[in-house]
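Chemist: Structure below; questions to follow.
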Amino acid sequence: MRFTKAAYSEIAEYELSVEDVLECLNCGRDSGRRRMRGVVERCLRGLKVVVAESWDLHEKRHVWAVIHVSKVGK
């Protein structure tokens, strides 16, 4: 699992932890929005996390990269 700089900024902005993001990915549900192939959007208790399939150049393998984190609702 990797995080983009933008995702880290959003995590800090909303005062979340990496554990909150991982819980959303593991226990959340699909948001139902149509996304590009290789991109997944999950929601849990007002938290939305978007991940995209990526390539790790150092380890030469596919990884998931968190590209967006936001709070939804009230």
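Letters for chains follow the order of the structure tokens (A, B, ...), residue numbers begin at 1 for each chain, and ligand numbers begin at 1 in the order shown.
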Tell me which protein, DNA and RNA residues are within 6 Å of Val39 in chain A, counting only C-alpha atoms, leaving out same-chain ones fewer than 2 positions away, and put them as a list in words.
Modeler: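 Using only C-alpha atoms, the neighbours found are Arg35, Met36, Arg37, Val51 and Ala52 of chain A.
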Chemist: Those residues you just picked out, can you put them in a file as a PDB file, in the first residue's frame with N, CA and C atoms?
Modeler:
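Below is the file that was written, selection.pdb:
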```
ATOM      1  N   ARG A  35     -15.898   4.235 -11.840  1.00  0.00           N
ATOM      2  CA  ARG A  35     -14.510   4.691 -11.903  1.00  0.00           C
ATOM      3  C   ARG A  35     -13.787   3.974 -13.041  1.00  0.00           C
ATOM      4  N   MET A  36     -12.614   4.501 -13.363  1.00  0.00           N
ATOM      5  CA  MET A  36     -11.791   3.860 -14.393  1.00  0.00           C
ATOM      6  C   MET A  36     -11.389   2.460 -13.936  1.00  0.00           C
ATOM      7  N   ARG A  37     -11.003   1.649 -14.878  1.00  0.00           N
ATOM      8  CA  ARG A  37     -10.497   0.314 -14.566  1.00  0.00           C
ATOM      9  C   ARG A  37      -9.255   0.446 -13.687  1.00  0.00           C
ATOM     10  N   VAL A  51      -8.510   4.366  -4.182  1.00  0.00           N
ATOM     11  CA  VAL A  51      -7.213   3.732  -4.438  1.00  0.00           C
ATOM     12  C   VAL A  51      -7.111   3.368  -5.912  1.00  0.00           C
ATOM     13  N   ALA A  52      -5.880   3.344  -6.404  1.00  0.00           N
ATOM     14  CA  ALA A  52      -5.635   2.991  -7.799  1.00  0.00           C
ATOM     15  C   ALA A  52      -4.502   1.977  -7.870  1.00  0.00           C
TER      16      ALA A  52
END
```
Chemist: Let's see if you can do this: from backbone DSSP, list all helix (DSSP H, G or I) residues in chain A, as a list in words.
Modeler: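 Here is the list: Lys5, Ala6, Ala7, Tyr8, Ser9, Glu10, Ile11, Ala12, Glu13, Val18, Glu19, Asp20, Val21, Leu22, Glu23, Cys24, Leu25, Asn26 and Cys27 of chain A.
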Chemist: Apply DSSP to the structure's backbone, then extract all residues of chain A labelled strand (DSSP E) and return them as a ChimeraX atom specification.
Modeler: /A:2-3,29-30,39-44,47-56,61-71
Chemist: What is the CA of His62 in chain A to CA of Tyr14 in chain A distance in Å?
Modeler: 28.2 Å
Chemist: Leu47 in chain A: which residues within 7 Å, counting only C-alpha atoms, same-chain residues fewer than 3 positions away excluded, as a PyMOL selection string?
Modeler: chain A and resi 43-44+70-72
Chemist: A:Asp30, A:Val50, A:Glu59, A:Phe3: which is nearest Val18 in chain A, counting only C-alpha atoms?
Modeler: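 Using only C-alpha atoms, the shortest distance to Val18 in chain A belongs to A:Phe3.
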Chemist: Show which residues sit within 7 Å of range 6-8 of chain A, as a count of residues only. Count only C-alpha atoms, and ignore same-chain residues fewer than 4 positions away.
Modeler: 5
Chemist: Could you check how far CA of Lys48 in chain A sits from CA of Cys24 in chain A, in Å to one decimal?
Modeler: 7.5 Å
Chemist: Which residue out of A:Arg33, A:Val40, A:Arg2, A:Arg45 has the minimum interatomic distance to Asp20 in chain A when only C-alpha atoms are used?
Modeler: A:Arg45
Chemist: For each of A:Leu16, A:Val63, A:Cys27, A:Val21, take the minimum atom-to-atom distance to Val49 in chain A, counting only C-alpha atoms, then give the residue where this is smallest.
Modeler: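 Closest candidate: A:Val21.
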